[in-house]
Amino acid sequence: MSGALAIAGEALVALAILVGSFFLLVGSFGLLRLPTFVQRLHAPTKATTLGVGGILIASMLYFLFTTGRLSVHELLITLFLFLTAPVSAYMLAKAYLFHRRAERELPPSGRPVGWATFDPAASRDDPDEALRPR
Amino acid sequence: MIEVALAIGFAAVGIATVFCLIRLALGPDTADRVLALDTLVTNAVALIMLLGIAQATAVHFEAALLIAMMGFVGTVAFCKFVLRGDVIE
């Protein structure tokens with residue numbers, strides 16, 4: 001491999017590592033600093049997944065530039081994490097909502113209607129009923 | 001160039017892991033602790049991948065994949081336990 005291409009490859013790997021670790025740090029900082037659980041849920045499930053994706057891309061590029069072969073192990077981990085992060089976030093949100101039992105203990109939903117989990121209209125046939133003025 | 005980026009990356013992910021540990025200790029809700037554990041697992045996967053780049057070996061991929069899978073299964077099991085009071089009904 002020529003010198004310029006090797007330097008460009010190194011720069012790409014270093015950039016991917018830096019971007020990935022930055023997003024991981026931001027996600028974990030959000031987990032520590034945000035005030036309520038439903039806000040805290042956003043930081044790790046979005047930023048951290050993106051950060052680990054960046055580091056996996058860095059690993060792929062590194063082994064592509066050093067061995068000259070494309071390694072697809074990382075894609076497996078990326079695919080798995082990107083598939084499971086929304087599922088675990090959904091499960092955590094449901095667990096939080098039901099653990100609190102009473103709706104008044106929850107933070108405001110920030111919408112004209114309350115939390116859909118506790119809306120009696122949401123379990124009826126017409127899902128848009130809760131949005132209409134009564 | 002990669003060495004410097006790796007050092008910064010290890011430091012950042014290490015600090016991120018400490019943040020998760022603080023949230024794990026603080027709580028205050030059960031769901032907060034489960035979320036902190038889930039994030040801790042994601043950070044562990046990133047750390048293992050960084051170690052793989054630093055040592056230029058491919059033997060850590062399986063460990064990272066297994067930890068990611070165990071983390072997901074653990075999160076779902078914890079959530080199921082909080083939701084239903086039982087993991088397998």
# chains A, B, ... in the order shown; residues from 1 in each chain; ligands from 1
>>> closest_atom_pairs(of="chain A", to="chain B", cutoff="7 Å", atoms="only C-alpha atoms", output="JSON lines")
{"residue": "A:Glu10", "atom": "CA", "partner": "B:Ile2", "partner_atom": "CA", "distance": 6.2}
{"residue": "A:Ala11", "atom": "CA", "partner": "B:Met1", "partner_atom": "CA", "distance": 7.0}
{"residue": "A:Val13", "atom": "CA", "partner": "B:Ile2", "partner_atom": "CA", "distance": 6.9}
{"residue": "A:Ala14", "atom": "CA", "partner": "B:Ile2", "partner_atom": "CA", "distance": 5.1}
{"residue": "A:Ile17", "atom": "CA", "partner": "B:Gly9", "partner_atom": "CA", "distance": 6.3}
{"residue": "A:Leu18", "atom": "CA", "partner": "B:Gly9", "partner_atom": "CA", "distance": 6.0}
{"residue": "A:Ser21", "atom": "CA", "partner": "B:Gly9", "partner_atom": "CA", "distance": 5.2}
{"residue": "A:Phe22", "atom": "CA", "partner": "B:Ala12", "partner_atom": "CA", "distance": 6.9}
{"residue": "A:Leu24", "atom": "CA", "partner": "B:Val13", "partner_atom": "CA", "distance": 6.4}
{"residue": "A:Leu25", "atom": "CA", "partner": "B:Ala16", "partner_atom": "CA", "distance": 4.8}
{"residue": "A:Ser28", "atom": "CA", "partner": "B:Ala16", "partner_atom": "CA", "distance": 5.1}
{"residue": "A:Phe29", "atom": "CA", "partner": "B:Phe19", "partner_atom": "CA", "distance": 6.3}
{"residue": "A:Leu32", "atom": "CA", "partner": "B:Arg23", "partner_atom": "CA", "distance": 5.6}
{"residue": "A:Phe37", "atom": "CA", "partner": "B:Asp32", "partner_atom": "CA", "distance": 6.6}
{"residue": "A:Pro44", "atom": "CA", "partner": "B:Thr39", "partner_atom": "CA", "distance": 6.0}
{"residue": "A:Val52", "atom": "CA", "partner": "B:Ala46", "partner_atom": "CA", "distance": 5.5}
{"residue": "A:Ile55", "atom": "CA", "partner": "B:Ala46", "partner_atom": "CA", "distance": 6.4}
{"residue": "A:Leu56", "atom": "CA", "partner": "B:Met49", "partner_atom": "CA", "distance": 6.8}
{"residue": "A:Ser59", "atom": "CA", "partner": "B:Ile53", "partner_atom": "CA", "distance": 6.0}
{"residue": "A:His73", "atom": "CA", "partner": "B:Phe61", "partner_atom": "CA", "distance": 6.6}
{"residue": "A:Ile77", "atom": "CA", "partner": "B:Leu65", "partner_atom": "CA", "distance": 5.6}
{"residue": "A:Thr84", "atom": "CA", "partner": "B:Phe72", "partner_atom": "CA", "distance": 6.7}
{"residue": "A:Ser88", "atom": "CA", "partner": "B:Val76", "partner_atom": "CA", "distance": 6.2}
{"residue": "A:Met91", "atom": "CA", "partner": "B:Cys79", "partner_atom": "CA", "distance": 6.0}
{"residue": "A:Leu92", "atom": "CA", "partner": "B:Cys79", "partner_atom": "CA", "distance": 5.9}
{"residue": "A:Ala95", "atom": "CA", "partner": "B:Leu83", "partner_atom": "CA", "distance": 5.2}
{"residue": "A:Tyr96", "atom": "CA", "partner": "B:Ala31", "partner_atom": "CA", "distance": 5.7}
{"residue": "A:Phe98", "atom": "CA", "partner": "B:Leu83", "partner_atom": "CA", "distance": 6.5}
{"residue": "A:His99", "atom": "CA", "partner": "B:Val82", "partner_atom": "CA", "distance": 6.9}
>>> select_by_dssp(residues="stretch 76-115 of chain A", states="helix (DSSP H, G or I)", output="count of residues only")
28
>>> closest_residue(among="A:Leu79, A:Leu97, A:Leu106, A:Ala89", to="A:Leu41", atoms="only C-alpha atoms")
A:Ala89
